[in-house]
$ cat model-v8.cif   # mmCIF, C-alpha atoms
data_data
loop_
_atom_site.label_atom_id
_atom_site.label_comp_id
_atom_site.auth_asym_id
_atom_site.auth_seq_id
_atom_site.Cartn_x
_atom_site.Cartn_y
_atom_site.Cartn_z
CA MET A 1 -2.86 -25.57 18.11
CA ASN A 2 -3.78 -23.23 15.29
CA ASN A 3 -7.04 -24.76 14.09
CA GLY A 4 -9.07 -25.58 17.20
CA TRP A 5 -7.48 -28.98 17.92
CA ASP A 6 -4.69 -30.03 20.23
CA GLN A 7 -1.86 -32.42 19.32
CA ASN A 8 -4.02 -35.42 20.28
CA GLY A 9 -6.84 -34.41 17.96
CA LYS A 10 -9.12 -33.21 20.75
CA GLY A 11 -10.97 -29.93 20.63
CA LEU A 12 -9.41 -27.06 22.52
CA GLY A 13 -10.92 -26.25 25.88
CA MET A 14 -12.18 -22.87 26.97
CA ALA A 15 -9.10 -22.32 29.14
CA GLN A 16 -6.76 -22.82 26.17
CA ILE A 17 -8.84 -20.54 23.99
CA ALA A 18 -8.89 -17.90 26.72
CA ARG A 19 -5.09 -18.10 27.14
CA TYR A 20 -4.64 -17.74 23.40
CA GLY A 21 -7.00 -14.76 23.30
CA VAL A 22 -5.38 -12.94 26.20
CA LYS A 23 -1.88 -13.62 24.89
CA TRP A 24 -2.55 -12.24 21.42
CA LEU A 25 -4.66 -9.38 22.67
CA LEU A 26 -1.72 -8.18 24.76
CA LEU A 27 0.81 -8.71 21.98
CA ALA A 28 -1.47 -7.04 19.43
CA ALA A 29 -1.97 -4.12 21.83
CA ALA A 30 1.80 -3.66 22.07
CA ALA A 31 2.12 -3.67 18.28
CA GLY A 32 -0.86 -1.32 17.95
CA VAL A 33 0.46 1.21 20.44
CA LEU A 34 3.90 1.28 18.83
CA ALA A 35 2.60 1.47 15.25
CA GLY A 36 -0.16 3.96 16.10
CA THR A 37 2.29 6.29 17.83
CA ALA A 38 4.76 6.00 14.95
CA SER A 39 1.98 6.73 12.43
CA ALA A 40 0.89 9.79 14.38
CA LEU A 41 4.44 11.13 14.39
CA PHE A 42 4.83 10.34 10.70
CA LEU A 43 1.54 11.96 9.66
CA ALA A 44 2.33 15.09 11.69
CA LEU A 45 5.77 15.34 10.07
CA LEU A 46 4.23 14.71 6.66
CA GLU A 47 1.76 17.56 7.15
CA TRP A 48 4.62 19.82 8.20
CA ALA A 49 6.74 18.76 5.21
CA THR A 50 3.91 19.42 2.77
CA ALA A 51 3.12 22.85 4.21
CA THR A 52 6.81 23.78 4.27
CA ARG A 53 7.36 22.72 0.65
CA GLU A 54 4.32 24.63 -0.55
CA GLY A 55 5.50 27.72 1.32
CA ALA A 56 9.05 27.47 -0.01
CA PRO A 57 8.92 26.42 -3.70
CA TRP A 58 12.71 26.68 -4.01
CA LEU A 59 13.07 23.46 -1.99
CA LEU A 60 12.26 21.51 -5.15
CA TRP A 61 15.66 22.43 -6.60
CA LEU A 62 17.34 20.49 -3.78
CA LEU A 63 15.48 17.27 -4.64
CA PRO A 64 18.36 15.68 -6.64
CA ALA A 65 20.86 16.27 -3.81
CA VAL A 66 18.42 15.02 -1.16
CA GLY A 67 17.65 11.93 -3.23
CA ALA A 68 21.35 11.16 -3.46
CA LEU A 69 21.68 11.51 0.32
CA ILE A 70 18.70 9.21 0.94
CA SER A 71 20.13 6.51 -1.33
CA TYR A 72 23.60 6.89 0.18
CA MET A 73 22.09 6.50 3.64
CA TYR A 74 20.33 3.29 2.63
CA ALA A 75 23.40 1.95 0.82
CA THR A 76 25.68 2.49 3.81
CA VAL A 77 23.50 1.59 6.80
CA GLY A 78 20.23 0.29 5.38
CA GLY A 79 21.15 -3.29 4.57
CA GLU A 80 18.06 -5.41 3.99
CA ALA A 81 15.80 -2.50 5.04
CA GLY A 82 16.09 -1.25 1.47
CA LYS A 83 13.74 -4.05 0.35
CA GLY A 84 10.86 -2.25 2.08
CA ASN A 85 7.50 -4.02 2.18
CA ASN A 86 8.90 -6.96 0.25
CA LEU A 87 11.23 -7.74 3.16
CA LEU A 88 8.24 -7.97 5.50
CA ILE A 89 6.47 -10.36 3.11
CA GLU A 90 9.58 -12.52 2.75
CA ARG A 91 10.16 -12.73 6.49
CA ILE A 92 6.58 -13.76 7.20
CA HIS A 93 6.69 -16.43 4.50
CA GLU A 94 10.02 -17.74 5.79
CA GLY A 95 8.62 -17.97 9.31
CA ARG A 96 11.45 -15.88 10.72
CA GLY A 97 9.69 -12.64 11.58
CA THR A 98 12.99 -10.77 11.99
CA VAL A 99 13.24 -7.27 10.58
CA PRO A 100 15.97 -4.74 11.46
CA LEU A 101 14.87 -1.97 13.82
CA ARG A 102 16.73 0.57 11.67
CA MET A 103 14.04 0.13 9.02
CA ALA A 104 11.68 2.37 11.04
CA PRO A 105 13.85 5.50 11.40
CA LEU A 106 15.33 5.11 7.93
CA VAL A 107 12.00 4.97 6.13
CA LEU A 108 10.62 7.76 8.31
CA ILE A 109 13.52 10.10 7.52
CA GLY A 110 13.62 9.09 3.87
CA THR A 111 9.89 9.53 3.25
CA VAL A 112 9.60 12.88 5.06
CA ALA A 113 12.62 14.14 3.09
CA THR A 114 11.07 12.91 -0.16
CA HIS A 115 7.88 14.87 0.52
CA LEU A 116 9.63 17.95 1.90
CA PHE A 117 11.64 18.43 -1.29
CA GLY A 118 8.97 17.43 -3.83
CA GLY A 119 9.09 13.73 -4.61
CA SER A 120 5.81 12.08 -5.64
CA ALA A 121 5.15 9.24 -3.21
CA GLY A 122 2.70 7.92 -0.65
CA ARG A 123 2.60 7.00 3.00
CA GLU A 124 1.39 3.39 3.31
CA GLY A 125 4.81 1.86 2.75
CA THR A 126 6.32 3.98 5.49
CA ALA A 127 3.60 3.20 8.03
CA VAL A 128 3.65 -0.53 7.26
CA GLN A 129 7.44 -0.73 7.45
CA MET A 130 7.55 1.20 10.72
CA GLY A 131 4.79 -0.97 12.18
CA GLY A 132 6.48 -4.18 11.11
CA SER A 133 9.92 -3.10 12.26
CA LEU A 134 8.69 -1.97 15.68
CA ALA A 135 6.64 -5.16 16.12
CA ALA A 136 9.70 -7.25 15.33
CA TYR A 137 11.70 -5.24 17.86
CA ALA A 138 9.02 -5.79 20.49
CA ALA A 139 9.12 -9.51 19.75
CA GLY A 140 12.81 -9.50 20.61
CA LEU A 141 12.37 -7.52 23.81
CA LEU A 142 9.53 -9.75 24.98
CA ARG A 143 11.39 -12.90 23.94
CA ILE A 144 8.50 -14.11 21.81
CA ARG A 145 8.84 -17.65 20.51
CA PRO A 146 10.27 -17.77 16.95
CA GLU A 147 7.13 -19.45 15.60
CA ASP A 148 4.98 -16.55 16.90
CA ARG A 149 7.11 -13.75 15.49
CA PRO A 150 5.72 -13.77 11.93
CA LEU A 151 2.21 -13.33 13.32
CA LEU A 152 3.34 -10.42 15.48
CA LEU A 153 4.99 -8.94 12.40
CA MET A 154 1.61 -9.15 10.62
CA CYS A 155 0.08 -7.31 13.57
CA GLY A 156 2.55 -4.50 12.98
CA VAL A 157 1.62 -4.37 9.30
CA ALA A 158 -2.10 -4.28 10.15
CA ALA A 159 -1.65 -1.55 12.74
CA GLY A 160 0.52 0.52 10.42
CA PHE A 161 -1.91 0.37 7.51
CA GLY A 162 -5.03 0.81 9.62
CA SER A 163 -3.67 3.77 11.58
CA VAL A 164 -2.20 5.73 8.68
CA PHE A 165 -5.47 5.68 6.70
CA GLY A 166 -7.99 5.44 9.54
CA THR A 167 -9.26 2.12 8.15
CA PRO A 168 -8.57 -0.54 10.81
CA LEU A 169 -10.81 -3.26 9.36
CA ALA A 170 -9.15 -2.98 5.95
CA GLY A 171 -5.75 -2.86 7.64
CA ALA A 172 -6.37 -6.11 9.50
CA VAL A 173 -7.47 -8.04 6.42
CA PHE A 174 -4.79 -6.40 4.28
CA ALA A 175 -2.08 -7.84 6.53
CA ALA A 176 -3.61 -11.32 6.24
CA GLU A 177 -4.31 -11.08 2.50
CA MET A 178 -1.28 -9.29 1.03
CA LEU A 179 1.10 -12.23 1.53
CA THR A 180 -0.35 -14.61 -1.04
CA VAL A 181 -2.54 -13.89 -4.07
CA GLY A 182 -5.76 -15.86 -3.69
CA THR A 183 -5.62 -16.76 0.01
CA ILE A 184 -6.12 -15.17 3.42
CA ARG A 185 -4.36 -16.29 6.61
CA TYR A 186 -7.42 -16.63 8.79
CA ARG A 187 -5.36 -17.49 11.86
CA ALA A 188 -4.00 -13.94 11.76
CA LEU A 189 -7.38 -12.18 11.71
CA PHE A 190 -7.99 -11.95 15.46
CA PRO A 191 -4.60 -10.50 16.44
CA CYS A 192 -4.48 -8.31 13.32
CA PHE A 193 -7.95 -6.90 14.00
CA ALA A 194 -6.94 -6.11 17.58
CA ALA A 195 -3.67 -4.49 16.51
CA ALA A 196 -5.29 -2.41 13.75
CA LEU A 197 -8.13 -1.19 15.96
CA ILE A 198 -5.74 -0.23 18.76
CA GLY A 199 -3.29 1.36 16.34
CA ASP A 200 -6.01 3.50 14.81
CA ALA A 201 -7.32 4.50 18.24
CA VAL A 202 -3.82 5.51 19.36
CA THR A 203 -3.23 7.61 16.23
CA THR A 204 -6.58 9.33 16.75
CA ALA A 205 -5.77 9.91 20.43
CA TRP A 206 -2.65 11.78 19.33
CA GLY A 207 -4.94 14.25 17.54
CA ILE A 208 -4.53 13.01 13.97
CA ASP A 209 -7.52 13.41 11.64
CA HIS A 210 -8.04 11.63 8.33
CA PRO A 211 -9.61 13.21 5.24
CA HIS A 212 -13.04 11.99 4.13
CA TYR A 213 -14.60 11.89 0.67
CA ASP A 214 -18.20 11.37 -0.44
CA MET A 215 -19.25 9.12 -3.32
CA GLY A 216 -22.76 10.56 -3.26
CA GLY A 217 -25.95 8.57 -3.07
CA MET A 218 -26.46 5.14 -4.60
CA PRO A 219 -27.65 5.39 -8.24
CA GLU A 220 -30.80 3.54 -9.22
CA PHE A 221 -29.95 -0.03 -10.20
CA SER A 222 -30.18 -1.21 -13.79
CA ILE A 223 -28.44 -3.84 -15.91
CA LEU A 224 -26.94 -1.07 -18.03
CA LEU A 225 -25.50 0.58 -14.92
CA LEU A 226 -24.01 -2.72 -13.78
CA LEU A 227 -22.40 -3.23 -17.19
CA ARG A 228 -20.90 0.26 -17.13
CA VAL A 229 -19.50 -0.34 -13.65
CA ALA A 230 -18.04 -3.66 -14.81
CA LEU A 231 -16.38 -1.96 -17.77
CA ALA A 232 -14.92 0.70 -15.50
CA ALA A 233 -13.67 -2.01 -13.14
CA ALA A 234 -11.83 -3.80 -15.94
CA LEU A 235 -10.18 -0.51 -16.91
CA PHE A 236 -9.22 0.10 -13.27
CA GLY A 237 -7.46 -3.26 -13.26
CA LEU A 238 -5.56 -2.39 -16.44
CA VAL A 239 -4.52 0.99 -15.01
CA SER A 240 -3.23 -0.69 -11.86
CA ALA A 241 -1.24 -3.17 -13.96
CA PHE A 242 0.16 -0.25 -15.99
CA PHE A 243 1.22 1.51 -12.79
CA SER A 244 2.92 -1.58 -11.37
CA GLU A 245 4.77 -2.30 -14.60
CA LEU A 246 5.81 1.33 -15.08
CA VAL A 247 7.31 1.48 -11.57
CA ARG A 248 9.14 -1.80 -12.22
CA THR A 249 10.38 -0.57 -15.60
CA SER A 250 11.48 2.72 -14.09
CA LYS A 251 13.56 0.87 -11.49
CA ALA A 252 15.15 -1.29 -14.20
CA VAL A 253 15.94 1.69 -16.45
CA PHE A 254 17.52 3.71 -13.67
CA ALA A 255 19.53 0.66 -12.58
CA ARG A 256 20.87 0.21 -16.13
CA LEU A 257 21.73 3.89 -16.49
CA ALA A 258 23.67 4.15 -13.23
CA SER A 259 25.09 1.47 -10.95
CA ASN A 260 25.49 3.95 -8.09
CA PRO A 261 22.19 4.36 -6.13
CA ALA A 262 23.00 7.98 -5.23
CA VAL A 263 23.51 8.87 -8.89
CA ARG A 264 20.21 7.18 -9.78
CA SER A 265 18.28 9.21 -7.24
CA ALA A 266 19.99 12.45 -8.27
CA ALA A 267 18.99 11.74 -11.86
CA GLY A 268 15.44 10.92 -10.79
CA GLY A 269 15.16 14.12 -8.80
CA THR A 270 16.36 16.12 -11.81
CA LEU A 271 13.78 14.40 -14.00
CA VAL A 272 11.01 15.22 -11.50
CA ILE A 273 11.98 18.91 -11.72
CA ALA A 274 11.83 18.69 -15.52
CA LEU A 275 8.41 17.02 -15.35
CA VAL A 276 7.11 19.89 -13.20
CA TYR A 277 7.92 22.36 -15.96
CA ILE A 278 6.66 20.07 -18.71
CA ALA A 279 3.34 19.58 -16.91
CA GLY A 280 3.22 23.24 -15.92
CA THR A 281 2.09 22.50 -12.37
CA ARG A 282 3.32 21.23 -9.00
CA ASP A 283 0.05 19.40 -8.32
CA TYR A 284 1.70 16.01 -8.79
CA LEU A 285 4.33 16.45 -6.08
CA GLY A 286 3.98 14.85 -2.66
CA LEU A 287 0.72 13.09 -1.83
CA SER A 288 -1.34 15.23 -4.27
CA LEU A 289 -4.35 15.07 -1.94
CA PRO A 290 -5.94 18.19 -3.53
CA LEU A 291 -6.30 16.13 -6.70
CA LEU A 292 -8.49 13.69 -4.76
CA SER A 293 -10.80 16.53 -3.74
CA ASP A 294 -10.89 17.75 -7.34
CA ALA A 295 -11.77 14.26 -8.59
CA PHE A 296 -14.72 13.87 -6.22
CA ALA A 297 -15.88 17.36 -7.23
CA GLY A 298 -15.57 16.49 -10.94
CA GLU A 299 -12.90 19.13 -11.50
CA SER A 300 -9.65 17.23 -12.15
CA ASP A 301 -7.63 17.40 -15.36
CA PRO A 302 -8.46 14.52 -17.76
CA PHE A 303 -4.81 13.45 -17.82
CA ALA A 304 -4.18 13.85 -14.08
CA PHE A 305 -4.08 10.08 -13.55
CA LEU A 306 -1.37 9.70 -16.20
CA TRP A 307 0.76 12.56 -14.90
CA LYS A 308 0.57 11.21 -11.33
CA THR A 309 1.56 7.75 -12.57
CA VAL A 310 4.63 9.10 -14.35
CA PHE A 311 5.71 11.36 -11.46
CA THR A 312 5.39 8.48 -8.98
CA ALA A 313 7.15 5.94 -11.20
CA VAL A 314 10.13 8.27 -11.62
CA THR A 315 10.26 9.09 -7.90
CA LEU A 316 10.06 5.52 -6.61
CA GLY A 317 11.96 4.01 -9.52
CA SER A 318 14.99 6.20 -8.89
CA GLY A 319 15.23 5.24 -5.22
CA PHE A 320 13.26 7.80 -3.23
CA GLN A 321 11.31 6.53 -0.22
CA GLY A 322 7.53 6.44 0.21
CA GLY A 323 4.54 4.25 -0.47
CA GLU A 324 2.47 3.57 -3.54
CA VAL A 325 -1.01 3.45 -2.02
CA THR A 326 -1.87 7.16 -1.79
CA PRO A 327 -0.65 7.74 -5.37
CA LEU A 328 -2.83 4.77 -6.37
CA PHE A 329 -5.78 6.42 -4.60
CA VAL A 330 -5.16 9.62 -6.55
CA ILE A 331 -4.64 7.81 -9.85
CA GLY A 332 -7.78 5.71 -9.35
CA ALA A 333 -9.99 8.62 -8.32
CA THR A 334 -8.86 10.93 -11.13
CA PHE A 335 -9.12 8.14 -13.71
CA GLY A 336 -12.59 7.26 -12.45
CA GLU A 337 -13.64 10.91 -12.65
CA MET A 338 -12.30 11.03 -16.22
CA LEU A 339 -14.52 8.06 -17.13
CA SER A 340 -17.63 9.73 -15.72
CA GLY A 341 -18.31 11.62 -18.95
CA PRO A 342 -17.98 8.70 -21.41
CA LEU A 343 -19.92 6.37 -19.09
CA SER A 344 -22.55 8.99 -18.13
CA LEU A 345 -22.11 8.38 -14.42
CA SER A 346 -21.56 10.67 -11.45
CA ALA A 347 -17.98 11.92 -11.07
CA SER A 348 -17.92 11.30 -7.33
CA PHE A 349 -19.40 7.82 -7.77
CA LEU A 350 -16.73 6.74 -10.27
CA ALA A 351 -13.97 8.54 -8.37
CA GLY A 352 -14.76 6.44 -5.29
CA LEU A 353 -14.92 3.23 -7.29
CA GLY A 354 -11.69 4.12 -9.05
CA LEU A 355 -9.89 4.82 -5.78
CA VAL A 356 -10.75 1.37 -4.47
CA GLY A 357 -10.46 -0.46 -7.81
CA VAL A 358 -7.00 0.68 -8.86
CA PHE A 359 -5.64 0.03 -5.38
CA CYS A 360 -7.19 -3.45 -5.44
CA GLY A 361 -5.66 -4.37 -8.77
CA ALA A 362 -2.20 -3.22 -7.71
CA THR A 363 -2.19 -5.01 -4.34
CA ASN A 364 -4.25 -8.13 -5.21
CA THR A 365 -6.28 -7.77 -2.00
CA PRO A 366 -9.97 -7.71 -3.00
CA VAL A 367 -11.43 -8.49 0.43
CA ALA A 368 -9.35 -5.81 2.15
CA CYS A 369 -10.31 -3.34 -0.57
CA LEU A 370 -14.00 -4.10 -0.13
CA LEU A 371 -13.64 -3.26 3.56
CA LEU A 372 -11.60 -0.19 2.65
CA GLY A 373 -14.45 1.03 0.47
CA ILE A 374 -16.96 0.47 3.25
CA GLU A 375 -14.84 2.28 5.83
CA LEU A 376 -14.20 5.22 3.51
CA PHE A 377 -17.62 5.58 1.88
CA GLY A 378 -20.16 3.62 3.93
CA PHE A 379 -22.53 0.85 2.85
CA ASP A 380 -24.58 2.73 0.26
CA ASN A 381 -22.57 1.51 -2.73
CA VAL A 382 -21.14 -1.69 -1.26
CA GLY A 383 -22.53 -3.86 -4.08
CA TYR A 384 -20.81 -1.80 -6.77
CA ILE A 385 -17.61 -1.66 -4.72
CA ALA A 386 -17.65 -5.47 -4.53
CA VAL A 387 -18.11 -5.78 -8.31
CA VAL A 388 -15.20 -3.40 -8.89
CA CYS A 389 -12.91 -5.25 -6.48
CA VAL A 390 -13.54 -8.66 -8.07
CA ILE A 391 -13.19 -7.53 -11.70
CA SER A 392 -10.21 -5.24 -11.12
CA TYR A 393 -8.46 -8.03 -9.22
CA LEU A 394 -8.90 -10.35 -12.20
CA ALA A 395 -8.12 -7.74 -14.86
CA SER A 396 -4.77 -6.76 -13.34
CA GLY A 397 -3.43 -10.26 -13.98
CA HIS A 398 -0.29 -11.47 -12.23
CA THR A 399 1.08 -7.99 -11.69
CA GLY A 400 1.34 -5.95 -8.51
CA ILE A 401 3.42 -3.56 -6.48
CA TYR A 402 4.77 -6.31 -4.17
CA SER A 403 7.16 -8.52 -6.13
CA SER A 404 7.55 -10.94 -3.18
CA GLN A 405 3.80 -11.59 -3.01
CA ARG A 406 3.24 -15.30 -3.65
CA ILE A 407 0.62 -16.65 -6.04
CA ALA A 408 -1.41 -19.54 -4.64
CA ALA A 409 -3.05 -20.28 -7.99
CA SER A 410 -3.59 -18.64 -11.35
CA LYS A 411 -6.33 -16.01 -11.06
CA LEU A 412 -8.21 -17.48 -14.01
CA GLY A 413 -7.39 -21.11 -13.14
CA ARG A 414 -6.05 -21.83 -16.60
CA ARG A 415 -2.73 -23.29 -15.50
CA ARG A 416 -1.05 -24.54 -12.37
CA LEU A 417 1.83 -22.43 -11.14
CA PRO A 418 4.88 -23.93 -9.43
CA GLU A 419 4.79 -23.73 -5.65
CA GLY A 420 6.44 -20.59 -4.34
CA THR A 421 5.79 -18.56 -7.48
CA THR A 422 5.79 -14.84 -6.72
CA ILE A 423 4.63 -11.78 -8.65
CA GLY A 424 8.27 -11.16 -9.52
CA THR A 425 9.06 -14.69 -10.73
CA ALA A 426 5.77 -14.93 -12.66
CA ARG A 427 6.71 -11.75 -14.51
CA ARG A 428 10.16 -13.06 -15.37
CA ARG A 429 8.75 -16.41 -16.50
CA LYS A 430 6.28 -14.60 -18.77
CA GLN A 431 9.08 -12.51 -20.30
CA ARG A 432 11.11 -15.66 -21.12
CA SER A 433 8.17 -17.48 -22.70
#
$ encode --input "model-v8.cif" --output "structure tokens"
Amino acid sequence: MNNGWDQNGKGLGMAQIARYGVKWLLLAAAAGVLAGTASALFLALLEWATATREGAPWLLWLLPAVGALISYMYATVGGEAGKGNNLLIERIHEGRGTVPLRMAPLVLIGTVATHLFGGSAGREGTAVQMGGSLAAYAAGLLRIRPEDRPLLLMCGVAAGFGSVFGTPLAGAVFAAEMLTVGTIRYRALFPCFAAALIGDAVTTAWGIDHPHYDMGGMPEFSILLLLRVALAAALFGLVSAFFSELVRTSKAVFARLASNPAVRSAAGGTLVIALVYIAGTRDYLGLSLPLLSDAFAGESDPFAFLWKTVFTAVTLGSGFQGGEVTPLFVIGATFGEMLSGPLSLSASFLAGLGLVGVFCGATNTPVACLLLGIELFGFDNVGYIAVVCVISYLASGHTGIYSSQRIAASKLGRRRLPEGTTIGTARRRKQRS
């Protein structure tokens, strides 16, 4: 009864549709309230952690020890929760929809500690994992049928993403699009939209505000402008692929250097401290939101995108907790602003396109990213945002930050991929060939 027809091939009646709507509205509301409240708590703690770190610079010296504690905590009690977002993707694909409740407090504690002591990470992964974990817990309490649990898990993902960034429409489509490259689970859109909208409303009701950035007015259209935007979009896709591969390589290198997770994180924390003194600034620690403001003002360092990429790859690769999305926003915006000179375009215009484009290439979610751009910047530049999303998506190839993300078909349609191929297996197959 998922496509408008009953088991006898007859169209669904209004009563059945109404029951379905009420059922999923209530379940989505439960997921939204839980995820929205968790996001509000997380964002408040994150703001406190950032302010505390900036007021007490000496905390950075404790980063190696804290990293070791985080990894020890995950190794001893984390279990499958250590897979993070990839566990959510796997569970939804498997049709199980079961995620351990401990994922929520573990990722919350781990991410806040990472930011408090100076790791370079984001917030999307934490919000999505908390939303998914709490939704799965609610499914157990409410005794939801096993076949409905993956959809409720998607509601938690949508509510987590939408509430942490204040972009509910993008959050809803992101949850339906992130599972498989090239397809969207349309059945999930109604409950995911409801969950994301409610989650965002709950986070706002708790007094949480989200930062806003301005791309400026729409430039006058010309073929030359379109070509320059297309070139920038292709570069955004390559930067996103570089980020994804550098994080993967960082994880592999740290794993080879030390078999003990605590030792890996201690080494990563030490390297972050060294990078601070090599770069001569602490701007790349934490979320680095001031760098976003600098990018839109045309005032960021030309190599800011590269420094943020390296800091984040070391932090996440060595086992610290946190998301990739906010770093991707910073990397995309600062890279876009860097291109503004060579391409003779407005810094704020390219910073906005870069923010959306690099995120799109790394997550393989062009429709969600189009909506993200609209929610963040309005409709003025929607045509250019669409061009950037499509080209960056193609230019990033079969790479991405979610190794469990399945590939429905080759992006360029040149070859047929075996069923069940993921970003991770496609990468390994390419390395062997």
$ resolve_selection --input "model-v8.cif" --expression "the PyMOL selection byres ((chain A and resi 402) around 10)" --output "MDAnalysis selection string"
chainID A and resid 84:87 89 178:179 244 362:364 399:401 403:406 422:424
$ write_last_selection --input "model-v8.cif" --atoms "C-alpha atoms" --output "PDB file, in the frame of the given file"
ATOM      1  CA  GLY A  84      10.860  -2.250   2.080  1.00  0.00           C
ATOM      2  CA  ASN A  85       7.500  -4.020   2.180  1.00  0.00           C
ATOM      3  CA  ASN A  86       8.900  -6.960   0.250  1.00  0.00           C
ATOM      4  CA  LEU A  87      11.230  -7.740   3.160  1.00  0.00           C
ATOM      5  CA  ILE A  89       6.470 -10.360   3.110  1.00  0.00           C
ATOM      6  CA  MET A 178      -1.280  -9.290   1.030  1.00  0.00           C
ATOM      7  CA  LEU A 179       1.100 -12.230   1.530  1.00  0.00           C
ATOM      8  CA  SER A 244       2.920  -1.580 -11.370  1.00  0.00           C
ATOM      9  CA  ALA A 362      -2.200  -3.220  -7.710  1.00  0.00           C
ATOM     10  CA  THR A 363      -2.190  -5.010  -4.340  1.00  0.00           C
ATOM     11  CA  ASN A 364      -4.250  -8.130  -5.210  1.00  0.00           C
ATOM     12  CA  THR A 399       1.080  -7.990 -11.690  1.00  0.00           C
ATOM     13  CA  GLY A 400       1.340  -5.950  -8.510  1.00  0.00           C
ATOM     14  CA  ILE A 401       3.420  -3.560  -6.480  1.00  0.00           C
ATOM     15  CA  SER A 403       7.160  -8.520  -6.130  1.00  0.00           C
ATOM     16  CA  SER A 404       7.550 -10.940  -3.180  1.00  0.00           C
ATOM     17  CA  GLN A 405       3.800 -11.590  -3.010  1.00  0.00           C
ATOM     18  CA  ARG A 406       3.240 -15.300  -3.650  1.00  0.00           C
ATOM     19  CA  THR A 422       5.790 -14.840  -6.720  1.00  0.00           C
ATOM     20  CA  ILE A 423       4.630 -11.780  -8.650  1.00  0.00           C
ATOM     21  CA  GLY A 424       8.270 -11.160  -9.520  1.00  0.00           C
TER      22      GLY A 424
END
$ atom_distance --input "model-v8.cif" --atom1 "CA of Gly67 in chain A" --atom2 "CA of Phe320 in chain A"
6.0 Å
$ atom_distance --input "model-v8.cif" --atom1 "CA of Val181 in chain A" --atom2 "CA of Asp148 in chain A"
22.4 Å
$ closest_residue --input "model-v8.cif" --among "A:Ala127, A:Gly354, A:Gln321, A:Gly119" --to "Lys83 in chain A" --atoms "only C-alpha atoms"
A:Gln321
$ atom_distance --input "model-v8.cif" --atom1 "CA of Ile223 in chain A" --atom2 "CA of Ser344 in chain A"
14.3 Å
$ closest_residue --input "model-v8.cif" --among "A:Ala138, A:Ala104, A:Ala194, A:Ile70" --to "Ala28 in chain A" --atoms "only C-alpha atoms"
A:Ala194
$ closest_residue --input "model-v8.cif" --among "A:Ser120, A:Ile198, A:Gly322, A:Ala44" --to "Gly82 in chain A" --atoms "all atoms listed in the file"
A:Gly322
$ closest_residue --input "model-v8.cif" --among "A:Leu292, A:Val310, A:Ala368, A:Leu350" --to "Tyr384 in chain A" --atoms "all atoms listed in the file"
A:Leu350
$ closest_residue --input "model-v8.cif" --among "A:Pro57, A:Gly298, A:Pro100, A:Gly269" --to "Arg282 in chain A" --atoms "all atoms listed in the file"
A:Pro57
$ closest_residue --input "model-v8.cif" --among "A:Ala51, A:Ala333, A:Leu26, A:Leu153" --to "Val128 in chain A" --atoms "all atoms listed in the file"
A:Leu153
$ resolve_selection --input "model-v8.cif" --expression "the PyMOL selection byres ((chain A and resi 139) around 9)" --output "PyMOL selection string"
chain A and resi 27+97-98+134-138+140-146+148-149+152-153
$ residues_around --input "model-v8.cif" --residues "Ala201 in chain A" --least-positions-apart "6" --cutoff "12 Å" --atoms "only C-alpha atoms" --output "PyMOL selection string"
chain A and resi 29+32-37+39-40+159-160+162-168+194-195+207-209
$ residues_near_point --input "model-v8.cif" --point "(-3.7, 7.4, -7.7)" --cutoff "12 Å" --atoms "only C-alpha atoms" --output "ChimeraX atom specification"
/A:120-122,236,239-240,242-244,284,286-292,295,303-313,323-337,351-362
